[in-house]
Structure formats: structure tokens, C-alpha cells
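Okay, target-v6.cif now, which holds mmCIF, C-alpha atoms:
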data_entry
loop_
_atom_site.label_atom_id
_atom_site.label_comp_id
_atom_site.auth_asym_id
_atom_site.auth_seq_id
_atom_site.Cartn_x
_atom_site.Cartn_y
_atom_site.Cartn_z
CA MET A 25 130.56 164.63 -17.41
CA ARG A 26 134.22 165.02 -16.56
CA SER A 27 135.10 164.87 -12.87
CA THR A 28 136.17 168.14 -11.29
CA THR A 29 137.63 166.55 -8.17
CA ALA A 30 140.89 168.26 -7.23
CA PRO A 31 143.83 165.91 -7.73
CA ALA A 32 145.53 164.53 -4.68
CA THR A 33 149.16 165.46 -4.24
CA ILE A 34 151.77 163.58 -2.30
CA THR A 35 153.27 165.32 0.73
CA PRO A 36 156.02 163.55 2.66
CA PRO A 37 156.13 163.74 6.46
CA ALA A 38 157.53 166.98 7.87
CA ALA A 39 160.76 165.25 8.95
CA GLU A 40 161.43 164.32 5.33
CA ALA A 41 160.43 167.64 3.80
CA SER A 42 163.98 168.91 3.42
CA ALA A 43 165.38 165.69 1.95
CA PRO A 44 165.70 165.18 -1.81
CA ALA A 45 163.14 162.85 -3.35
CA ILE A 46 165.99 160.64 -4.56
CA SER A 47 169.62 160.51 -3.47
CA LEU A 48 172.30 158.29 -4.98
CA ARG A 49 175.58 158.01 -3.10
CA GLY A 50 178.53 156.24 -4.69
CA VAL A 51 176.21 154.03 -6.75
CA ALA A 52 177.89 151.58 -9.12
CA LYS A 53 176.63 148.62 -11.13
CA HIS A 54 178.76 145.91 -12.71
CA PHE A 55 177.57 143.11 -14.97
CA GLY A 56 180.51 140.75 -14.78
CA GLU A 57 183.48 142.63 -16.19
CA THR A 58 181.25 145.34 -17.68
CA VAL A 59 180.88 148.57 -15.70
CA ALA A 60 177.39 149.87 -16.46
CA VAL A 61 177.34 152.64 -13.84
CA ARG A 62 180.35 154.07 -12.02
CA ASN A 63 180.41 155.84 -8.64
CA LEU A 64 177.34 157.99 -9.15
CA ASP A 65 176.32 160.79 -6.78
CA LEU A 66 173.03 162.49 -7.62
CA ASP A 67 170.20 164.35 -5.85
CA ILE A 68 166.75 164.81 -7.41
CA ALA A 69 164.48 167.34 -5.71
CA ARG A 70 160.92 166.67 -4.64
CA GLY A 71 158.38 167.75 -7.26
CA GLU A 72 161.03 167.94 -9.96
CA LEU A 73 160.68 166.67 -13.51
CA PHE A 74 164.16 165.26 -13.97
CA SER A 75 165.49 163.68 -17.15
CA MET A 76 168.31 161.19 -17.54
CA LEU A 77 169.53 161.70 -21.10
CA GLY A 78 172.12 159.76 -23.02
CA PRO A 79 172.81 157.32 -25.85
CA SER A 80 172.18 153.58 -25.63
CA GLY A 81 174.56 151.92 -23.19
CA SER A 82 175.28 155.09 -21.22
CA GLY A 83 173.84 153.71 -17.96
CA LYS A 84 170.68 155.78 -17.63
CA THR A 85 168.20 152.88 -17.77
CA THR A 86 170.29 150.86 -15.31
CA VAL A 87 170.13 153.78 -12.86
CA LEU A 88 166.34 153.96 -13.29
CA ARG A 89 166.02 150.22 -12.64
CA MET A 90 168.14 150.51 -9.49
CA ILE A 91 165.92 153.34 -8.19
CA ALA A 92 162.87 151.17 -8.92
CA GLY A 93 164.44 148.15 -7.19
CA PHE A 94 164.58 145.93 -10.28
CA GLU A 95 168.39 145.91 -10.11
CA GLN A 96 170.62 145.88 -7.04
CA PRO A 97 173.66 148.20 -7.06
CA THR A 98 177.10 146.60 -6.85
CA ALA A 99 178.11 149.43 -4.52
CA GLY A 100 176.58 152.56 -3.02
CA ARG A 101 173.32 153.67 -1.40
CA ILE A 102 169.90 154.72 -2.70
CA LEU A 103 167.64 156.92 -0.57
CA LEU A 104 164.03 157.99 -1.15
CA ASP A 105 162.92 161.01 0.87
CA GLY A 106 165.95 160.49 3.12
CA ALA A 107 165.22 156.83 3.91
CA GLU A 108 167.56 154.16 2.58
CA VAL A 109 165.93 151.66 0.20
CA THR A 110 169.03 150.14 -1.37
CA ARG A 111 168.11 146.53 -0.58
CA LYS A 112 164.32 146.89 -0.48
CA ALA A 113 162.14 145.06 -2.98
CA PRO A 114 160.28 147.12 -5.62
CA PHE A 115 156.93 146.66 -3.87
CA ASP A 116 158.39 148.08 -0.65
CA ARG A 117 159.26 151.41 -2.32
CA GLU A 118 156.75 154.20 -2.94
CA VAL A 119 157.79 154.26 -6.58
CA ASN A 120 155.97 153.31 -9.77
CA THR A 121 157.35 152.79 -13.26
CA VAL A 122 155.81 153.43 -16.69
CA PHE A 123 157.51 151.42 -19.42
CA GLN A 124 157.75 152.07 -23.15
CA ASP A 125 155.48 149.11 -24.01
CA TYR A 126 152.87 150.19 -21.38
CA ALA A 127 152.24 146.50 -20.37
CA LEU A 128 148.44 146.87 -20.30
CA PHE A 129 146.28 143.79 -19.77
CA PRO A 130 144.60 143.27 -23.18
CA HIS A 131 141.52 141.46 -21.78
CA MET A 132 140.76 144.18 -19.21
CA SER A 133 138.90 147.41 -19.77
CA VAL A 134 140.65 150.75 -19.37
CA ALA A 135 139.05 151.20 -15.94
CA ASP A 136 140.06 147.72 -14.81
CA ASN A 137 143.63 148.28 -15.99
CA VAL A 138 143.85 151.52 -14.03
CA GLY A 139 142.27 149.98 -10.94
CA TYR A 140 144.30 146.76 -10.94
CA GLY A 141 146.88 147.94 -8.40
CA LEU A 142 144.15 149.23 -6.11
CA ALA A 143 142.34 145.87 -6.34
CA VAL A 144 145.56 144.08 -5.37
CA ARG A 145 145.72 146.38 -2.34
CA LYS A 146 142.12 145.37 -1.54
CA VAL A 147 140.78 148.93 -1.69
CA ALA A 148 136.99 148.98 -1.13
CA ARG A 149 134.97 148.86 -4.33
CA ASP A 150 133.36 152.30 -4.06
CA GLU A 151 136.67 153.95 -3.16
CA LEU A 152 138.43 152.08 -5.97
CA ARG A 153 135.83 153.29 -8.47
CA ARG A 154 136.17 156.88 -7.23
CA GLN A 155 139.96 156.87 -7.50
CA VAL A 156 139.90 155.27 -10.97
CA THR A 157 137.40 157.87 -12.21
CA GLU A 158 139.58 160.65 -10.82
CA ALA A 159 142.74 159.19 -12.40
CA LEU A 160 141.11 158.80 -15.82
CA ALA A 161 139.70 162.33 -15.66
CA ARG A 162 143.19 163.63 -14.94
CA VAL A 163 144.45 162.15 -18.25
CA HIS A 164 141.20 163.02 -20.08
CA LEU A 165 140.13 159.42 -20.69
CA ASP A 166 137.14 159.03 -18.34
CA HIS A 167 134.84 158.74 -21.38
CA LEU A 168 136.77 155.64 -22.55
CA ALA A 169 136.68 153.73 -19.26
CA ASP A 170 134.87 150.70 -20.74
CA ARG A 171 137.06 150.24 -23.81
CA LEU A 172 139.75 147.62 -24.27
CA PRO A 173 143.38 148.66 -24.90
CA SER A 174 143.15 147.37 -28.48
CA GLN A 175 140.46 149.97 -29.16
CA LEU A 176 142.73 152.87 -28.19
CA SER A 177 145.34 154.89 -30.05
CA GLY A 178 149.00 154.79 -29.02
CA GLY A 179 148.69 158.09 -27.19
CA GLN A 180 145.58 156.93 -25.34
CA ARG A 181 147.30 153.70 -24.23
CA GLN A 182 150.21 155.78 -22.97
CA ARG A 183 147.82 157.86 -20.88
CA VAL A 184 146.15 154.73 -19.47
CA ALA A 185 149.56 153.47 -18.33
CA LEU A 186 150.23 156.86 -16.76
CA ALA A 187 146.86 156.87 -14.96
CA ARG A 188 147.47 153.32 -13.69
CA ALA A 189 150.77 154.45 -12.17
CA LEU A 190 149.43 157.71 -10.73
CA VAL A 191 146.36 156.18 -9.11
CA LEU A 192 148.66 154.43 -6.61
CA ARG A 193 149.97 157.85 -5.56
CA PRO A 194 153.68 157.06 -5.55
CA ARG A 195 156.26 159.44 -4.13
CA VAL A 196 158.23 159.08 -7.37
CA LEU A 197 157.11 158.15 -10.88
CA LEU A 198 159.78 156.63 -13.12
CA LEU A 199 159.26 156.78 -16.88
CA ASP A 200 161.40 154.57 -19.11
CA GLU A 201 161.26 155.98 -22.66
CA PRO A 202 157.45 156.32 -22.29
CA LEU A 203 156.95 158.18 -25.58
CA GLY A 204 159.42 156.22 -27.69
CA ALA A 205 156.77 154.14 -29.48
CA LEU A 206 154.75 157.17 -30.64
CA ASP A 207 155.08 158.98 -33.94
CA ARG A 208 156.68 162.40 -33.86
CA LYS A 209 153.52 164.52 -33.89
CA LEU A 210 151.84 162.49 -31.16
CA ARG A 211 155.06 162.40 -29.14
CA GLU A 212 155.26 166.20 -29.20
CA GLN A 213 151.62 166.45 -28.12
CA MET A 214 152.16 163.97 -25.28
CA GLN A 215 155.24 165.89 -24.10
CA ILE A 216 153.02 168.91 -23.43
CA GLU A 217 150.37 166.78 -21.71
CA LEU A 218 152.93 164.91 -19.60
CA LYS A 219 154.44 168.15 -18.35
CA ALA A 220 150.99 169.53 -17.49
CA ILE A 221 150.06 166.35 -15.58
CA GLN A 222 153.32 166.44 -13.62
CA ARG A 223 152.68 170.03 -12.56
CA GLU A 224 149.11 169.16 -11.61
CA VAL A 225 149.90 166.17 -9.39
CA GLY A 226 153.10 167.71 -7.99
CA ILE A 227 155.09 164.50 -7.54
CA THR A 228 158.61 163.76 -8.70
CA PHE A 229 158.93 162.45 -12.27
CA VAL A 230 162.18 160.85 -13.44
CA LEU A 231 162.31 160.37 -17.20
CA VAL A 232 164.80 158.23 -19.12
CA THR A 233 165.20 159.25 -22.75
CA HIS A 234 167.70 159.36 -25.59
CA ASP A 235 165.73 162.15 -27.29
CA GLN A 236 167.45 165.51 -26.73
CA ASP A 237 164.41 167.56 -27.77
CA GLU A 238 162.23 165.62 -25.33
CA ALA A 239 164.61 166.20 -22.43
CA LEU A 240 164.96 169.92 -23.19
CA THR A 241 161.20 170.37 -23.62
CA LEU A 242 160.05 168.53 -20.51
CA SER A 243 162.68 168.87 -17.84
CA ASP A 244 163.35 171.11 -14.90
CA ARG A 245 166.86 169.63 -14.92
CA VAL A 246 168.75 167.18 -17.11
CA ALA A 247 171.56 164.73 -16.33
CA VAL A 248 173.58 163.88 -19.44
CA PHE A 249 174.96 160.33 -19.20
CA HIS A 250 177.99 158.94 -21.01
CA GLU A 251 179.79 155.62 -20.51
CA GLY A 252 178.24 154.92 -17.12
CA GLY A 253 178.77 158.36 -15.62
CA ILE A 254 177.18 161.80 -15.62
CA GLU A 255 178.91 164.43 -17.76
CA GLN A 256 176.73 167.33 -16.59
CA VAL A 257 173.62 168.12 -14.55
CA GLY A 258 171.77 171.38 -15.08
CA THR A 259 168.70 173.13 -16.40
CA PRO A 260 167.96 172.68 -20.11
CA THR A 261 169.36 176.16 -20.73
CA GLU A 262 172.57 175.39 -18.84
CA VAL A 263 173.36 172.10 -20.54
CA TYR A 264 172.54 173.48 -23.99
CA GLU A 265 174.10 176.93 -23.76
CA ARG A 266 177.01 176.09 -21.43
CA PRO A 267 178.04 172.46 -22.03
CA ALA A 268 180.56 171.16 -19.53
CA THR A 269 182.31 168.78 -21.98
CA THR A 270 182.71 168.23 -25.70
CA PHE A 271 180.41 165.21 -25.40
CA VAL A 272 177.56 167.33 -23.99
CA ALA A 273 178.13 170.01 -26.64
CA GLY A 274 177.95 167.45 -29.44
CA PHE A 275 175.15 165.29 -28.02
CA LEU A 276 172.67 168.04 -27.20
CA GLY A 277 171.59 169.42 -30.54
CA ALA A 278 174.25 170.39 -33.04
CA ALA A 279 177.40 172.26 -32.13
CA ASN A 280 180.42 173.50 -34.01
CA ILE A 281 183.48 172.46 -31.98
CA ILE A 282 186.53 174.55 -32.85
CA GLU A 283 189.89 173.11 -31.76
CA PRO A 284 192.24 175.50 -29.89
CA GLU A 285 194.73 175.93 -32.77
CA LEU A 286 192.03 176.91 -35.26
CA ALA A 287 190.19 178.97 -32.65
CA ASP A 288 193.40 180.95 -32.12
CA GLU A 289 193.70 181.58 -35.86
CA LEU A 290 190.04 182.45 -36.45
CA PHE A 291 188.98 184.08 -33.20
CA GLY A 292 192.20 184.99 -31.41
CA ARG A 293 191.35 182.65 -28.55
CA ARG A 294 193.43 179.54 -27.95
CA GLU A 295 190.61 177.60 -26.35
CA LEU A 296 188.32 174.71 -27.23
CA LEU A 297 185.30 176.67 -28.43
CA SER A 298 181.71 175.79 -29.17
CA ILE A 299 179.20 177.80 -31.15
CA ARG A 300 175.70 176.65 -32.02
CA PRO A 301 174.72 176.66 -35.72
CA GLU A 302 171.79 178.99 -35.11
CA ARG A 303 174.21 181.63 -33.75
CA LEU A 304 176.19 181.87 -37.01
CA ARG A 305 174.93 184.30 -39.66
CA LEU A 306 175.59 183.97 -43.38
CA SER A 307 175.77 186.64 -46.05
CA ALA A 308 177.09 186.89 -49.58
CA ALA A 309 178.64 190.30 -48.89
CA ALA A 310 181.18 191.22 -46.25
CA PRO A 311 179.62 192.83 -43.17
CA THR A 312 179.67 196.60 -43.10
CA ASP A 313 179.93 196.81 -39.31
CA SER A 314 182.75 195.66 -37.05
CA ALA A 315 181.33 192.17 -36.49
CA PRO A 316 183.94 189.40 -36.60
CA THR A 317 183.82 187.39 -39.82
CA VAL A 318 185.40 184.47 -41.64
CA THR A 319 184.89 183.40 -45.24
CA GLY A 320 184.03 179.97 -46.58
CA VAL A 321 182.25 178.02 -49.31
CA VAL A 322 178.86 176.33 -49.01
CA THR A 323 179.32 172.58 -49.55
CA GLU A 324 175.85 171.34 -48.59
CA VAL A 325 172.34 172.71 -48.07
CA VAL A 326 169.89 170.71 -45.91
CA TYR A 327 166.25 171.82 -45.83
CA SER A 328 164.17 170.47 -42.91
CA GLY A 329 160.98 172.55 -43.08
CA PRO A 330 161.31 174.93 -40.12
CA ALA A 331 164.95 175.62 -40.89
CA THR A 332 167.72 175.27 -43.46
CA THR A 333 171.22 174.15 -42.46
CA TYR A 334 174.24 175.21 -44.49
CA VAL A 335 177.51 173.29 -44.28
CA VAL A 336 180.36 175.72 -44.89
CA GLU A 337 184.01 174.78 -45.51
CA LEU A 338 186.52 177.23 -44.07
CA ARG A 339 190.13 177.59 -45.10
CA GLY A 340 192.19 174.59 -44.06
CA GLY A 341 189.29 172.21 -44.70
CA THR A 342 187.39 172.71 -41.41
CA THR A 343 183.61 172.62 -41.85
CA VAL A 344 180.96 174.34 -39.73
CA MET A 345 177.17 174.38 -39.80
CA ALA A 346 174.97 177.46 -39.85
CA THR A 347 171.20 177.18 -39.43
CA ARG A 348 168.68 179.75 -40.54
CA PRO A 349 164.91 179.66 -39.83
CA ALA A 350 162.40 179.25 -42.64
CA GLY A 351 161.40 182.55 -44.20
CA ASP A 352 164.77 184.21 -43.61
CA ASP A 353 165.26 185.82 -47.01
CA SER A 354 168.74 186.97 -46.08
CA ALA A 355 169.97 183.36 -46.15
CA SER A 356 169.37 181.83 -49.57
CA HIS A 357 172.59 180.21 -50.67
CA ARG A 358 173.51 177.31 -52.93
CA ARG A 359 176.30 174.80 -53.00
CA GLY A 360 179.49 176.43 -54.21
CA ASP A 361 178.55 179.93 -53.05
CA ALA A 362 181.24 181.95 -51.28
CA VAL A 363 179.83 183.32 -48.02
CA HIS A 364 180.81 185.36 -45.00
CA LEU A 365 180.07 183.99 -41.54
CA THR A 366 179.56 186.44 -38.69
CA TRP A 367 178.72 185.99 -35.02
CA SER A 368 178.53 187.77 -31.71
CA PRO A 369 181.57 187.24 -29.47
CA SER A 370 179.19 186.30 -26.63
CA ASP A 371 177.99 183.31 -28.69
CA LEU A 372 181.44 181.68 -28.52
CA TYR A 373 181.57 179.38 -25.51
CA ALA A 374 184.84 178.03 -24.11
CA ILE A 375 184.28 174.45 -23.01
CA PRO A 376 185.62 174.06 -19.45
CA GLY A 377 189.02 172.45 -19.10
CA SER A 378 190.28 173.58 -22.52
CA PRO A 379 193.64 175.32 -22.64
CA THR A 380 193.65 179.11 -22.68
CA ARG A 381 195.83 181.28 -24.87
CA THR A 382 199.23 182.19 -23.49
CA THR A 383 201.13 185.31 -24.49
#

With the file now loaded, output its structure as C-alpha cells.
Amino acid sequence: MRSTTAPATITPPAAEASAPAISLRGVAKHFGETVAVRNLDLDIARGELFSMLGPSGSGKTTVLRMIAGFEQPTAGRILLDGAEVTRKAPFDREVNTVFQDYALFPHMSVADNVGYGLAVRKVARDELRRQVTEALARVHLDHLADRLPSQLSGGQRQRVALARALVLRPRVLLLDEPLGALDRKLREQMQIELKAIQREVGITFVLVTHDQDEALTLSDRVAVFHEGGIEQVGTPTEVYERPATTFVAGFLGAANIIEPELADELFGRRELLSIRPERLRLSAAAPTDSAPTVTGVVTEVVYSGPATTYVVELRGGTTVMATRPAGDDSASHRRGDAVHLTWSPSDLYAIPGSPTRTT
């Protein structure tokens, strides 16, 4: 029978209650002549599911390793719940890390893997067994306590690694690409479960990922990394709908970036504009209302199941993408078709820092 014990949550002392779970102040990391992280300032709130998103080499994993204590910053300070831990060893920080490869002991049962950290801490046997049972029930694996890791699926092994980290009740749980080894369907399922577990236990999760969909699906807030720095921090809606830079606009999903000269010609706005493909509408006939429109020719059609993406060449050779959901009978075009593109003016977003039109 599954345990119904209420999960324990981590509450910092009252004096620390107002401090962020994690604070980075002027943090930098150099590997010889290579600057991996540059002058980073960042606060992560207690109880937040925070994602560090970016391509390979952007610095996100190095930041995670510095928070964990596996790397020492070249400059700057790291604070956990207001207390400085910059030079503390990993085992002196109330932080645990779940890695992509899970690092389970193959000769140990699921229960023994989960209880290993408690055994190292010399927790009494009955208390250890109780906490392990509770941790496995939380990830819905209490019925597999006696199995070996080799007898589990990829998703089950991921949950064992998560239970092993959570049973130690850290203030912060760091997750380094934890779902990267799973196939797409299982990864999507585990995203939902991971978010539910985080809400249940109420501790701070910091996730490193290069998967935009994963970051948008899971996170309370996202930091988009690029070349050792942070381009933007915000909610998933903010970073997707209102990107702060052209890098963020192009990295998060797909975006049509319209240079100021062309934007002036097409839209009457001399600004660097972004419009998402799903906000552009296609039709064979010119619109009968007053909606703004441009004409173009379909040069490519890409079907992906839930949606179809049309690549449309405008006059002057500029191409844009327009995405329509499956089942939209109004959008059924072929290569070579002449089409009209329409949009709502509110869907055009001026990327900050771009020049404005002068009269």
C-alpha cells in the first residue's frame, strides 16, 4: 500500500526567510584564457523552479557547478539563504545535484540507492527505512524498492535519482539536464511529474537545460544564457513574448526577425521587429477587412503533425515563417502558391535597443 505520509518541506530559519534561496554577486569563472562566466548577478527565490537555458558553451552548467561547490568562482560571491558559501566544499552546502546519467549504484537495490546518503549520515535504521519509504512513495516507486537499477526503465531510474536527492532534504536541488537521456514522450511525461513533485516538496529547484520547450513548460522563471552571460531573466511568457535581445527571440522557439529598413517598408516602423510564426495568418485571397497585409510566395511546406509551417518569400528576397495548427482548413497551401500574410499590430514586438523611426 502506498504511504500517505505528508511530505516534509524545508523551511529556513526566520532570519533567513526574506533572503533569496540563491544569490550570485559578480560571479565570474575563467579557465585559463577562456571566460566561461562573466560578472553574473542573479537572485533565485525560495521555492522557485528556476531554469538556466542556453546552448552548449553558454556558461549555464558552469554556474550550476559553482552553486553546487564543484567549481570555485574566479571572482564574486555565492550565497545560499543569505549565508556566503563561496569557498565551502559541496558537502558543507545544503544542496544536492541530480545528473543526467543518474549515477546509481548498479549492485544496490532501489531502496539502498535512495538510502545511501542517509546511511553515510548514520541515520538510525528504522528512521532510514521510514524516510526511504516516504521518498519512494513521493515518486511513485515504493512498489519497486527491491529491484536493481538495471531492472528499471529510464524514467524510473530518473525518479530513483530524484528520490535519492530529495530524501536528504536539501535547501536547493540542482538538476543538470536530468531528462536529456529520455525519449521525447517519456521526457514530456517526466516534465509534468517533476513539476508536480517540486510543488509538493516546496523546495527550490534549479534546472539546467538546452531544451526550450522544457524550460518553458517547467519554469516559474527562466534565465537565458549566451556566451557566459545572461541575456534575459523572466517568466516563460515574458522571455517568449517579449524577448530582450535578438538572441533570445531566435533561441526561444522560432521568430521572424525583421530588420529596421524592411520593417519601415512593410510595417511603417523603423525598428528591429519580431513576430512569432504562429501569429502570422495566410490566405490565398486578399483580406476583406482593414488588417495589414503583405504578399509573398510559398517556398517550403513543413508538416510536423500538430502543425504545418510555411516558408514564405516576400519581395526583396526576405523569407518569413508562418505556422498553422493541424486541422486549420483555411491554411492549405503548396509550394509556389501566392499568398497574403496578415497579422495583428499588437503581435509585432520591437526588440529593445533597436532604432526607432525618425520623421

For this session: Write out as a ChimeraX atom specification each polymer residue whose atoms come within 8 Å of Arg339 (chain A), counting all atoms listed in the file; drop sequence neighbours fewer than 3 positions from it.
Result: /A:319-320,342

Write a file of the selected residues as a short mmCIF file (atom, residue, chain, number, x, y, z; two decimals), in the frame of the given file, keeping C-alpha atoms.
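Listing of out19.cif after writing:
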data_model
loop_
_atom_site.label_atom_id
_atom_site.label_comp_id
_atom_site.auth_asym_id
_atom_site.auth_seq_id
_atom_site.Cartn_x
_atom_site.Cartn_y
_atom_site.Cartn_z
CA THR A 319 184.89 183.40 -45.24
CA GLY A 320 184.03 179.97 -46.58
CA THR A 342 187.39 172.71 -41.41
#

Exercise. Of the residues A:Val326, A:His54, A:Asp136, A:Asp237, which is the one nearest to Arg149 (chain A), using all atoms listed in the file?
Worked result: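 Among the listed residues, A:Asp136 lies closest to Arg149 (chain A).
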
Exercise. Of the candidates A:Gly252, A:Thr270, A:Lys84, A:Arg181, which one gets nearest to Asn63 (chain A) if we count only C-alpha atoms?
Worked result: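 Closest to Asn63 (chain A), using only C-alpha atoms: A:Gly252.
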
For this session: Using the chain letters and numbers from the file, give me the residues hit by the PyMOL selection byres ((chain A and resi 50) around 6), as number ranges by chain.
Result: A: 49, 51, 63-65, 100

For this session: Considering all atoms listed in the file, return as an NGL selection string whatever protein or nucleic-acid residues lie within 8 Å of region 209-219 of chain A, sequence-local ones (same chain, fewer than 2 positions apart) excluded.
Result: :A and (179 or 203-204 or 206-207 or 221-223 or 238 or 241-242)

For this session: Using all atoms listed in the file, find the one residue out of A:Leu286, A:Val119, A:Ala43, A:Val248 that sits nearest to Gly274 (chain A).
Result: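 Closest to Gly274 (chain A) of all the choices is A:Val248.
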
For this session: With the file shown as input, list the residues that the PyMOL selection byres ((chain A and resi 195) around 6) selects, as a ChimeraX atom specification.
Result: /A:118-119,194,196

Create the file for the chosen residues now, containing C-alpha atoms and written as an mmCIF file, keeping the file's coordinate frame.
data_model
loop_
_atom_site.group_PDB
_atom_site.id
_atom_site.type_symbol
_atom_site.label_atom_id
_atom_site.label_comp_id
_atom_site.auth_asym_id
_atom_site.auth_seq_id
_atom_site.Cartn_x
_atom_site.Cartn_y
_atom_site.Cartn_z
ATOM 1 C CA GLU A 118 156.750 154.200 -2.940
ATOM 2 C CA VAL A 119 157.790 154.260 -6.580
ATOM 3 C CA PRO A 194 153.680 157.060 -5.550
ATOM 4 C CA VAL A 196 158.230 159.080 -7.370
#

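Across the structure, CA of Val322 (chain A) and CA of Asp288 (chain A) are spaced 22.8 Å apart.
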
Exercise. What's the 6 Å shell around region 293-301 of chain A, counting all atoms listed in the file, without same-chain residues fewer than 2 positions away, as a ChimeraX atom specification?
Worked result: /A:279-284,287-288,291,303-304,345-347,372-375,378-381

Exercise. What is the CA of Val144 (chain A)-CA of Phe115 (chain A) distance in Å, reported with one decimal?
Worked result: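 We find that CA of Val144 (chain A) and CA of Phe115 (chain A) lie 11.8 Å from each other.
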
For this session: Would you mind telling me which residue in A:Ala45, A:Leu338, A:Ala185, A:Ala92 lies nearest to Ala69 (chain A) when using only C-alpha atoms?
Result: A:Ala45

Exercise. Between A:Arg89, A:Leu168, A:Gly226, A:Leu77, which has the minimum distance to Pro260 (chain A) (counting all atoms listed in the file)?
Worked result: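 Ranking A:Arg89, A:Leu168, A:Gly226, A:Leu77 by distance to Pro260 (chain A), first place goes to A:Leu77.
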
For this session: Calculate how many Å separate CA of Val87 (chain A) from CA of Glu57 (chain A), rounding to one decimal.
Result: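 Between CA of Val87 (chain A) and CA of Glu57 (chain A) the gap is 17.7 Å.
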
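Picked by the PyMOL selection byres ((chain A and resi 139) around 10) from the coordinates shown: Ser133, Val134, Ala135, Asp136, Asn137, Val138, Tyr140, Gly141, Leu142, Ala143, Val144, Arg145, Val147, Arg149, Leu152, Arg153, Arg154, Gln155, Val156, Thr157, Ala159, Ala187, Arg188, Ala189, Val191 and Leu192 of chain A.
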
Seminar exercise, completed: If you count all atoms listed in the file, the residue of A:Thr317, A:Gln182, A:Thr332, A:Thr343 closest to Leu365 (chain A) turns out to be A:Thr317

For this session: Name the residues in contact with Val344 (chain A) at a cut-off of 7 Å, using only C-alpha atoms, excluding same-chain residues fewer than 4 positions from it; report them as a list of chain:residue names.
Result: A:Asn280, A:Val335, A:Val336, A:Glu337

Who sits within 6 Å of Asp244 (chain A), all atoms listed in the file, same chain under 5 positions skipped, as a compact mmCIF listing (two decimals) with C-alpha atoms, in the frame of the given file:
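The resulting file, selection11.txt, is reproduced below:
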# COMPACT_ATOMS: atom_id res chain seq x y z
CA LEU A 73 160.68 166.67 -13.51
CA PHE A 74 164.16 165.26 -13.97
CA THR A 259 168.70 173.13 -16.40

Centre, x/y/z edge lengths, axis-aligned box for region 349-353 of chain A with 5 Å per side, as JSON:
{"center_x": 163.3, "center_y": 182.5, "center_z": -43.4, "size_x": 13.9, "size_y": 16.6, "size_z": 17.2}
